[in-house]
2 protein chains.
Amino acid sequence: MPHACDLLLTNATVLTLDRDFTIHRASGVAITGSSITAVGPEALTYSATESIDCGGRVVMPGLVNAHTHVPMTLLRGLADDLRLDVWLMGYMMPVEREFVSPDFVGLGTRLGCAEMIRSGITCFADMYYFEEAVATATAEAGMRALCGQTVLRFPSPDAISFEDSLALARDFVQRWRNHDLIVPAPAPHAPYTCTSEILRECAELAAEYDVPLHTHLAETTFEVEESRRQHGMPVIPYVKKQGLFGAKVLAAHCVHVDEGEIRGLQQAGAGVAHNPTSNLKLGAGIAPVARMLELGVTVGIGTDGAASNNDLDMFEEMRLAALLAKGHGGDPTAVPAREAVLMATRMGAAALHLDHLTGSLEPGKRADLIVLDLAPLHNVPAFERDRNSLYAQIVYASKSTDVLDVMCNGRWLMRDRRLLTLDEAGLRDAAREYGRRIDAFLASREESVLQKLVAIGGAVEQESFEVQVKARIASAEQALSVVESEALTIIRSSRYQQFDTYWSFSDPGQGRLRYREDEFLDKDGKVTGARARLTLTGGTRKESFGDVLLFHSRYLAPATHSARFYREYFQPAAEHVVEKERRRWLIAYRGAEFHVHLDRLIAPARDGWFLEIKSRIWSRRDALDKSAIITELLGLFGTRPDDTLPDGYVEFAAGDSPLRLP
Amino acid sequence: MPHACDLLLTNATVLTLDRDFTIHRASGVAITGSSITAVGPEALTYSATESIDCGGRVVMPGLVNAHTHVPMTLLRGLADDLRLDVWLMGYMMPVEREFVSPDFVGLGTRLGCAEMIRSGITCFADMYYFEEAVATATAEAGMRALCGQTVLRFPSPDAISFEDSLALARDFVQRWRNHDLIVPAPAPHAPYTCTSEILRECAELAAEYDVPLHTHLAETTFEVEESRRQHGMPVIPYVKKQGLFGAKVLAAHCVHVDEGEIRGLQQAGAGVAHNPTSNLKLGAGIAPVARMLELGVTVGIGTDGAASNNDLDMFEEMRLAALLAKGHGGDPTAVPAREAVLMATRMGAAALHLDHLTGSLEPGKRADLIVLDLAPLHNVPAFERDRNSLYAQIVYASKSTDVLDVMCNGRWLMRDRRLLTLDEAGLRDAAREYGRRIDAFLASREESVLQKLVAIGGAVEQESFEVQVKARIASAEQALSVVESEALTIIRSSRYQQFDTYWSFSDPGQGRLRYREDEFLDKDGKVTGARARLTLTGGTRKESFGDVLLFHSRYLAPATHSARFYREYFQPAAEHVVEKERRRWLIAYRGAEFHVHLDRLIAPARDGWFLEIKSRIWSRRDALDKSAIITELLGLFGTRPDDTLPDGYVEFAAGDSPLRLP
């Protein structure tokens, strides 16, 4: 009597991806419950409750997406072609702070699952906030996932402290660790966003419950340089020292790892998730995948989040992984098609530490499989000379839209390109609604430079009014003699080298943003310290009292990012640079305090010295009084009326060295 | 009275790709005959014979595939993951020699056009043989193309000499230069496959008829190094010196060009076709596209032929061009999405010198356009904050399968993903039939190592039988004294350093392939010359006469490729290396000629000297006679029976330094 099974797939080209890379032509797969019972000729001997003719198409393991942040599917295309810091701190984090909730996460997961099922993925490794909602939505969609609850040293959308975050992770792992589809994991975000304590506790938690640990390692050169600077070693040895490899680690990226670190990953039995599109798109670099594989590291392929990809298409990633390794090393034999398919299936599952469940079509493994159509024109003709040509067809010519059917854990999730566990139209509508809300949030934020400045946080708003005047002065000696004369009282003095970058916008009403770097100088002109500040000033002069001008400054903040960050974030219409040497005194004169600056312009170069006198004012009365005193002071310094500059240095110098941006 | 037009597309998001990158939302395009009459709000004022509601979808210029070999679509997936020379000389060229005909070219073109139309391409630049057949099939399919008739210094499938090839190109240009869809061009294949005379004549031909010239430039480092070696300059200055830039050049690849060469391309007004997938897949490298664009070079994007891609999908190429530039330079702001779309449309058309006809939606240009659906889940949600987000959706998330409708020259080629000018099922069947024939050709060729050797040509088969013996000998002096004694007559003598690589196959019946490099030495041991030879010997010893063995050698050929080439082409199961110093004499003894070799093994190192005596034999009688004489000679040299080696050096040395291949 023949063996019995629930479902028999017949008339298929079965790509098993087993150890021998067995391919069964005109053959089948027998499935009982959630598992594969038999594969190949043996399967065809089974008697089945239901039998499906695959029409000669390819049946292969469902693809494993080794790294993603699935709820971020809702942020797809929100901000592109930006540098990592601008993208992350300027857009992703502000929007996440505002919108990420269990509802957002659940919807984003369902949307991402729908897209992943359509592209032949049956299993993925996730890392996000409210991971409980990810797990719930994924299980409902019928997909398999390694779900990582993020732990960070900063407050996050789901935890106000890392202690809360750790408790959340522990709770999540405890409650989900016996689920049929979901494998929970703690996910310390990255060494540079976690303390060593977080890394250690996460590793212990993962080891305690024998679940994997999901993290980001060595994504950028910046991260590696910081690790060397702070810990005196690159990333892999550092996390090893924190005991991270006491857990079964899945490490995303590993773009910047040296030979020793690659060997370290191999010895630790860590899985690596290679994310070729994301690494290229964010300019992180190209991971040494061919070398990792050569040294026996388990490497899977991931899409990363849709916010940095911008889709969840493992066919694109497989192709890119195969192509990039070749172009990177100049070796067209690197990562051949079969190896790319392996990375996207069995080796990917091993990177997730789930290869006992999925990644190949072998008796005893779960029935996670897809039916792929090789008949579309972009895969015609086909050659059989090389027994690996089938893998080449899949990697170099197949598209995700060639996936017809998807089964996970013995359950059909898609038949003939129709989703069976998710409502596509409903998801589209709900996602569009989120898109509109996020658009509105960003639009209101971006109505003004000030709003954009507030949005990235890290500074307090401060409004001030001041009166000021600038004038050429005959000689520095003359100015010094006045300052040191008994007419004035010096309260403080200092000396700087000042580098100012002025950004203006096409709407002059937006004001002007100044990024100022001060280098403090000692008496001999040696640099003793530095700081950077950002000031937003009203673009229009408010009023003038003779030569004295009234200025309205709306915002003053320590500049926590680089000039380059702000330039890319604010996208000014024009940029001007002014560099000067400044001696600065706070003086008292006639009962009021004034700042007196003696400046020499270095860039654009201008002969002679300039005097600037300014004072903060509190009322119109105050402004009038102080203007009068400043005029008096000007006389004391011996400047004549036509020595005064009607505008700031930037207008004065503008004709000389404007750096216009596109 | 409103203006009239033939066709009005309404309710569309019109991406014009004009100089201002104008996007008209909820707008239209008016078309009359083959041309665009109005775009945007103005178009909506037209009265139309036919009006089509685009349902809010995107209408944008048809994509321009800036470089391909469209008939090679029939060779898609024939050979993958191989080095350029093995791929080209081992597979492409032998198959092309056998199969390329006007019929092959016509079918391949129709198949390629079908795939290109499906992926939204309306215009492409081709280069192949029998270009007349390409032009004919393309015009019938209704696509626009720059058709380049290949000129080479070697015999090609369509011309036995380059003079014939040039005449063919001239004739082709003359007859097609006024066609509505086809722009003919001479296509000197590449500087390293053309003489300077070919380059000059092609440039003159193109200038004479004011048509573009299509060529490959600076694809590999090898090409650049060869150019420097042979011409004392890199590729761009060399072709400039040959007057190539007297023509409107479209140069494919330009992967390895330095700063000066990039400026040279810009000054020459040459268009560059960037082929990211092909360059990665063949390990050529990554072209400095961001720098080219910065310096004002006109850069289009191409798929290259399907044999090195393996599909003709411009959405994949656009995405990869945008991603690769970022990852290559570590700058995520390089080649933003809008620039990638520009390269795939208007700038691509300009690279083909056809931007007066196509590449943007502007009144007066031909109606080459596509309708793209952004509703599929992989493009949900969408954000409108950034006015470039539409370009990002197209580049980073859209798929070629999202193209619904394609129009070229005012004629619909696809509606709702149904091809209107080509018979898809018929093409599939015909292409599969070619696939089967090519498979059979390669299978028969690959039945034996000998057939594979014959297939790559360049050598004559030669069969020989010889008797030979090898023995240890006490000292070199002793052997020399015998050779120089009066008992023998020396006819010739020489001295070599020999490097032998032996390849064996899993089927021992295939014999053994020996790649031998001889370095000729003078009396002082200085190298005076070198040669390489390839010998296929029967794997089994035929017979023995005492210690003397009968060998059957089936093939002897000058080795025109590197050892690496043959290793990758033949894929042996194992490899062994033997290096020796050899003194060689041709001597006469007892009326017959013998080769006497006095060898010292260097790798694997073996003490002492070895004597080899051999002679070619013509019959069994001859074999018996010469075996007897060789046995006598062995006595003369004083070797004892247990001094003889039962096998060749490779078996003798095998235990020591085998290099096993995977």
# chains A, B, ... in the order shown; residues from 1 in each chain; ligands from 1
$ select_by_dssp --residues "range 307-423 of chain A" --states "strand (DSSP E)" --output "list of chain:residue names"
A:Leu369, A:Ile370, A:Val371, A:Leu372, A:Val403, A:Leu404, A:Asp405, A:Val406, A:Met407, A:Cys408, A:Arg411, A:Trp412, A:Leu413, A:Met414, A:Arg415, A:Arg418, A:Leu419
$ residues_around --residues "Asp304 in chain B" --least-positions-apart "2" --cutoff "12 Å" --atoms "only C-alpha atoms" --output "number ranges by chain"
B: 65-73, 76, 112, 124-128, 216, 219, 252-253, 273-282, 300-302, 306-314, 317
$ select_by_dssp --residues "range 2-133 of chain A" --states "helix (DSSP H, G or I)" --output "ChimeraX atom specification"
/A:40-45,70-75,84-99,102-118,131-133
$ residues_around --residues "range 645-648 of chain B" --least-positions-apart "6" --cutoff "9 Å" --atoms "only C-alpha atoms" --output "JSON, numbers by chain"
{"B": [469, 470, 471, 472, 547, 549]}
$ interface_residues --of "chain B" --to "chain A" --cutoff "6 Å" --atoms "only C-alpha atoms" --output "list of chain:residue names"
B:Leu78, B:Asp81, B:Leu82, B:Arg83, B:Leu280, B:Lys281, B:Leu282, B:Gly283, B:Gly285, B:Asn310, B:Asp311, B:Leu323, B:Lys326, B:Gly327, B:Gly330, B:Asp331, B:Pro332, B:Thr333, B:Pro336, B:His378, B:Pro381, B:Phe383, B:Arg385, B:Tyr396, B:Ala397, B:Ala431, B:Arg432, B:Gly435, B:Asp439
$ decode --residues "range 274-304 of chain A" --atoms "N, CA, C and O atoms" --output "PDB file, in the first residue's frame"
ATOM      1  N   HIS A 274      23.475  39.916   4.276  1.00  0.00           N
ATOM      2  CA  HIS A 274      24.037  40.839   3.281  1.00  0.00           C
ATOM      3  C   HIS A 274      22.882  41.597   2.636  1.00  0.00           C
ATOM      4  O   HIS A 274      21.933  40.972   2.152  1.00  0.00           O
ATOM      5  N   ASN A 275      22.957  42.937   2.644  1.00  0.00           N
ATOM      6  CA  ASN A 275      21.862  43.765   2.120  1.00  0.00           C
ATOM      7  C   ASN A 275      22.386  44.639   0.986  1.00  0.00           C
ATOM      8  O   ASN A 275      22.635  45.828   1.171  1.00  0.00           O
ATOM      9  N   PRO A 276      22.574  44.061  -0.186  1.00  0.00           N
ATOM     10  CA  PRO A 276      23.292  44.790  -1.227  1.00  0.00           C
ATOM     11  C   PRO A 276      22.626  46.107  -1.648  1.00  0.00           C
ATOM     12  O   PRO A 276      23.312  47.119  -1.783  1.00  0.00           O
ATOM     13  N   THR A 277      21.326  46.122  -1.849  1.00  0.00           N
ATOM     14  CA  THR A 277      20.676  47.358  -2.294  1.00  0.00           C
ATOM     15  C   THR A 277      20.818  48.450  -1.249  1.00  0.00           C
ATOM     16  O   THR A 277      21.215  49.578  -1.549  1.00  0.00           O
ATOM     17  N   SER A 278      20.484  48.121  -0.010  1.00  0.00           N
ATOM     18  CA  SER A 278      20.536  49.115   1.059  1.00  0.00           C
ATOM     19  C   SER A 278      21.956  49.646   1.246  1.00  0.00           C
ATOM     20  O   SER A 278      22.157  50.853   1.397  1.00  0.00           O
ATOM     21  N   ASN A 279      22.944  48.753   1.214  1.00  0.00           N
ATOM     22  CA  ASN A 279      24.330  49.192   1.385  1.00  0.00           C
ATOM     23  C   ASN A 279      24.770  50.125   0.274  1.00  0.00           C
ATOM     24  O   ASN A 279      25.503  51.087   0.506  1.00  0.00           O
ATOM     25  N   LEU A 280      24.321  49.853  -0.951  1.00  0.00           N
ATOM     26  CA  LEU A 280      24.646  50.755  -2.061  1.00  0.00           C
ATOM     27  C   LEU A 280      23.897  52.061  -1.914  1.00  0.00           C
ATOM     28  O   LEU A 280      24.459  53.142  -2.029  1.00  0.00           O
ATOM     29  N   LYS A 281      22.600  51.941  -1.634  1.00  0.00           N
ATOM     30  CA  LYS A 281      21.735  53.118  -1.666  1.00  0.00           C
ATOM     31  C   LYS A 281      22.147  54.139  -0.614  1.00  0.00           C
ATOM     32  O   LYS A 281      22.111  55.346  -0.862  1.00  0.00           O
ATOM     33  N   LEU A 282      22.536  53.654   0.566  1.00  0.00           N
ATOM     34  CA  LEU A 282      22.949  54.575   1.626  1.00  0.00           C
ATOM     35  C   LEU A 282      24.452  54.858   1.561  1.00  0.00           C
ATOM     36  O   LEU A 282      25.005  55.517   2.447  1.00  0.00           O
ATOM     37  N   GLY A 283      25.097  54.345   0.516  1.00  0.00           N
ATOM     38  CA  GLY A 283      26.528  54.640   0.333  1.00  0.00           C
ATOM     39  C   GLY A 283      27.415  53.999   1.382  1.00  0.00           C
ATOM     40  O   GLY A 283      28.541  54.432   1.618  1.00  0.00           O
ATOM     41  N   ALA A 284      26.914  52.927   2.018  1.00  0.00           N
ATOM     42  CA  ALA A 284      27.693  52.280   3.081  1.00  0.00           C
ATOM     43  C   ALA A 284      28.900  51.560   2.505  1.00  0.00           C
ATOM     44  O   ALA A 284      29.961  51.511   3.116  1.00  0.00           O
ATOM     45  N   GLY A 285      28.743  51.010   1.311  1.00  0.00           N
ATOM     46  CA  GLY A 285      29.845  50.284   0.682  1.00  0.00           C
ATOM     47  C   GLY A 285      29.408  48.921   0.197  1.00  0.00           C
ATOM     48  O   GLY A 285      28.211  48.655   0.074  1.00  0.00           O
ATOM     49  N   ILE A 286      30.387  48.079  -0.101  1.00  0.00           N
ATOM     50  CA  ILE A 286      30.120  46.757  -0.661  1.00  0.00           C
ATOM     51  C   ILE A 286      30.762  45.719   0.260  1.00  0.00           C
ATOM     52  O   ILE A 286      31.969  45.731   0.476  1.00  0.00           O
ATOM     53  N   ALA A 287      29.931  44.846   0.828  1.00  0.00           N
ATOM     54  CA  ALA A 287      30.440  43.848   1.775  1.00  0.00           C
ATOM     55  C   ALA A 287      31.299  42.806   1.048  1.00  0.00           C
ATOM     56  O   ALA A 287      31.008  42.444  -0.093  1.00  0.00           O
ATOM     57  N   PRO A 288      32.351  42.322   1.728  1.00  0.00           N
ATOM     58  CA  PRO A 288      33.253  41.335   1.089  1.00  0.00           C
ATOM     59  C   PRO A 288      32.643  39.938   1.107  1.00  0.00           C
ATOM     60  O   PRO A 288      33.164  39.023   1.734  1.00  0.00           O
ATOM     61  N   VAL A 289      31.538  39.777   0.403  1.00  0.00           N
ATOM     62  CA  VAL A 289      30.759  38.546   0.467  1.00  0.00           C
ATOM     63  C   VAL A 289      31.503  37.342  -0.080  1.00  0.00           C
ATOM     64  O   VAL A 289      31.459  36.247   0.497  1.00  0.00           O
ATOM     65  N   ALA A 290      32.207  37.534  -1.195  1.00  0.00           N
ATOM     66  CA  ALA A 290      32.910  36.394  -1.792  1.00  0.00           C
ATOM     67  C   ALA A 290      33.926  35.846  -0.791  1.00  0.00           C
ATOM     68  O   ALA A 290      34.057  34.633  -0.617  1.00  0.00           O
ATOM     69  N   ARG A 291      34.617  36.743  -0.117  1.00  0.00           N
ATOM     70  CA  ARG A 291      35.616  36.320   0.866  1.00  0.00           C
ATOM     71  C   ARG A 291      34.957  35.644   2.072  1.00  0.00           C
ATOM     72  O   ARG A 291      35.454  34.630   2.564  1.00  0.00           O
ATOM     73  N   MET A 292      33.829  36.185   2.516  1.00  0.00           N
ATOM     74  CA  MET A 292      33.111  35.564   3.630  1.00  0.00           C
ATOM     75  C   MET A 292      32.743  34.125   3.278  1.00  0.00           C
ATOM     76  O   MET A 292      32.937  33.212   4.085  1.00  0.00           O
ATOM     77  N   LEU A 293      32.215  33.936   2.080  1.00  0.00           N
ATOM     78  CA  LEU A 293      31.791  32.596   1.678  1.00  0.00           C
ATOM     79  C   LEU A 293      32.990  31.661   1.587  1.00  0.00           C
ATOM     80  O   LEU A 293      32.928  30.505   2.007  1.00  0.00           O
ATOM     81  N   GLU A 294      34.092  32.190   1.070  1.00  0.00           N
ATOM     82  CA  GLU A 294      35.324  31.414   0.936  1.00  0.00           C
ATOM     83  C   GLU A 294      35.785  30.910   2.295  1.00  0.00           C
ATOM     84  O   GLU A 294      36.288  29.799   2.425  1.00  0.00           O
ATOM     85  N   LEU A 295      35.627  31.760   3.306  1.00  0.00           N
ATOM     86  CA  LEU A 295      36.089  31.412   4.647  1.00  0.00           C
ATOM     87  C   LEU A 295      35.011  30.692   5.464  1.00  0.00           C
ATOM     88  O   LEU A 295      35.174  30.480   6.655  1.00  0.00           O
ATOM     89  N   GLY A 296      33.904  30.350   4.807  1.00  0.00           N
ATOM     90  CA  GLY A 296      32.918  29.505   5.484  1.00  0.00           C
ATOM     91  C   GLY A 296      31.921  30.232   6.357  1.00  0.00           C
ATOM     92  O   GLY A 296      31.254  29.609   7.184  1.00  0.00           O
ATOM     93  N   VAL A 297      31.790  31.539   6.179  1.00  0.00           N
ATOM     94  CA  VAL A 297      30.763  32.263   6.940  1.00  0.00           C
ATOM     95  C   VAL A 297      29.391  31.954   6.322  1.00  0.00           C
ATOM     96  O   VAL A 297      29.260  31.805   5.112  1.00  0.00           O
ATOM     97  N   THR A 298      28.396  31.843   7.163  1.00  0.00           N
ATOM     98  CA  THR A 298      27.024  31.620   6.716  1.00  0.00           C
ATOM     99  C   THR A 298      26.417  32.965   6.339  1.00  0.00           C
ATOM    100  O   THR A 298      26.179  33.799   7.211  1.00  0.00           O
ATOM    101  N   VAL A 299      26.184  33.185   5.053  1.00  0.00           N
ATOM    102  CA  VAL A 299      25.702  34.491   4.599  1.00  0.00           C
ATOM    103  C   VAL A 299      24.331  34.362   3.952  1.00  0.00           C
ATOM    104  O   VAL A 299      24.159  33.594   3.015  1.00  0.00           O
ATOM    105  N   GLY A 300      23.368  35.107   4.468  1.00  0.00           N
ATOM    106  CA  GLY A 300      22.067  35.203   3.839  1.00  0.00           C
ATOM    107  C   GLY A 300      21.947  36.532   3.107  1.00  0.00           C
ATOM    108  O   GLY A 300      22.866  37.356   3.143  1.00  0.00           O
ATOM    109  N   ILE A 301      20.811  36.737   2.450  1.00  0.00           N
ATOM    110  CA  ILE A 301      20.589  37.977   1.708  1.00  0.00           C
ATOM    111  C   ILE A 301      19.338  38.643   2.238  1.00  0.00           C
ATOM    112  O   ILE A 301      18.322  37.974   2.450  1.00  0.00           O
ATOM    113  N   GLY A 302      19.407  39.962   2.445  1.00  0.00           N
ATOM    114  CA  GLY A 302      18.246  40.677   2.953  1.00  0.00           C
ATOM    115  C   GLY A 302      17.913  41.896   2.127  1.00  0.00           C
ATOM    116  O   GLY A 302      18.741  42.428   1.394  1.00  0.00           O
ATOM    117  N   THR A 303      16.675  42.337   2.276  1.00  0.00           N
ATOM    118  CA  THR A 303      16.244  43.544   1.556  1.00  0.00           C
ATOM    119  C   THR A 303      16.500  44.787   2.396  1.00  0.00           C
ATOM    120  O   THR A 303      16.471  45.885   1.893  1.00  0.00           O
ATOM    121  N   ASP A 304      16.702  44.618   3.706  1.00  0.00           N
ATOM    122  CA  ASP A 304      16.648  45.724   4.662  1.00  0.00           C
ATOM    123  C   ASP A 304      15.243  46.327   4.590  1.00  0.00           C
ATOM    124  O   ASP A 304      14.377  45.777   3.900  1.00  0.00           O
TER     125      ASP A 304
END
